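Below is one structure, written out as C-alpha cells, with a few remarks after it.
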Amino acid sequence: MKILVLGSEGQIGKPLCKHLIAQGHSVTRWDKVISDEQDLSNSDNYEELCFKMSEVDKVIFLAFEVGGSKFLARADKDFGYIDENVMLMANSFAALAETGKPFLFASSQMANMHHTNYGFLKDLGERYTKSLGGWICRFWNVFGVEECEEEKTHVITDFILNAKEGSIDMRTTGEEMRQFLHTDDCSKALESWVNDEWDDINQYYDITSFKWVSIRDIADTIKDLVGPIQINLGKATDEVQKGIKNPPSEYIRNFWEPSLSLREGIQKVMESI
C-alpha cells in the first residue's frame, strides 16, 4: 500500500512512517520540517501536494500545530496559531477533495472542548472530514520521543527531563485525569486502518489506552523508575481541559488493542532521552 503521511516528522508521524515501512508499505513523507515547499499552510505548495496525493493509495492527515498543555494555553491567545491551522486544513482538505483519495484525519478527544482553540480547530477538521466522506480517529495524549522546542513538549517528557535534574516540578496539583498511549501502540492502531480493518466510516475511532491516570500518577511512576527525587506540586488547576473527562468509544477494540503499559511506555521514552 502506498501511503502519504501529512505531518510525517512529528512525534506520531515519525514512528508511524518507520512502522509502516517495516510492515512493507511504501511511505511518502510530507512535513514543513523537511522543506518550505511542504508547508501545508502555504497555498503555493498546493499543486505539488495534489500531485503527491495522486500517486498514493491513501492519506493519513497528522499535520497540526500542537504541543503540551503549556503550549495549548498560550495558543488560546495567538492569532498565528489559529491562522496556520486553518490554512493548512483548507489547503489539505481541498487537495483531498480534488484527488478523491481515501484519508484518515487525526483528531483529538478534545474536539468537543470549544473553550480552547485547539479543540475548536480539531472539531473544524472533523467537519471537513465528514463533508468529504473521510475517516476520523481521535488521539488521547499519545506520547513518545519528542524532537521539538521545549515550549511544545508534553508532560511525560517534561517530567522525565525534570527528574534527570533531581526533581519533578509540576505546574498543577496533579489531580487532573488523562489517558496516555505510547507511539508504538498508536502506530499499530493506525496501521489497522491502512490494512482496511476498520469497517464503519461513521464511527469515531478513539486511539487510547482506555485507562485513566492522574498527572500525579505520572510523576510517581517516573520517580519510581529514576530513584529518590523530590516531587514539587504546583498550584494551578486544569486550565486546558477544565476537568472534562470524555468517555472514549471502544469500537476500535474490535480491530486493535494497546499492548504497552504506561510504565513500559515511560521506560521506552526514558531510554531514548
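FYI, nothing fancy with the C-alpha cells labels: chains A, B, ... in order, residues from 1 per chain, ligands from 1 as they appear.
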Excluding stretch 75-91 of chain A and its own-chain neighbours fewer than 3 positions away, which residues fall within 6 Å of it when counting only C-alpha atoms? Please give them as a ChimeraX atom specification. /A:40-41,72,94,117
Can you list, as a ChimeraX atom specification, every protein, DNA or RNA residue that comes within 8 Å of stretch 259-263 of chain A when you count only C-alpha atoms, leaving out same-chain residues fewer than 2 positions away? /A:180-182,185,221,257,265-267
Can you pull out every residue within 8 Å of A:Ala219, counting only C-alpha atoms, but drop anything in the same chain fewer than 4 positions away, and send it as a PyMOL selection string? chain A and resi 159+168+215+223+231
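Surrounding stretch 23-25 of chain A within 12 Å are Met1, Lys2, Ile3, Leu4, Val5, Leu16, Cys17, Lys18, His19, Val56, Asp57, Lys58, Ser187, Lys188, Glu191, Ser192, Val194 and Asn195 of chain A, with only C-alpha atoms counted and residues fewer than 4 positions along the same chain left out.
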Would you please extract all strand (DSSP E or B) residues from stretch 3-180 of chain A, as assigned by DSSP on the backbone, and give them as a ChimeraX atom specification? /A:3-6,26-30,58-61,103-108,135-139,142-143,167-169,172,177-178
Apply DSSP to the structure's backbone, then extract all residues of stretch 79-261 of chain A labelled helix (DSSP H, G or I) and return them as a PyMOL selection string. chain A and resi 79-99+117-132+150-152+155-164+183-194+215-226+251-254
Please provide the set of residues having any atom within 9 Å of A:Ala236, restricted to only C-alpha atoms, with same-chain residues fewer than 6 positions apart removed, written as a PyMOL selection string. chain A and resi 171-174
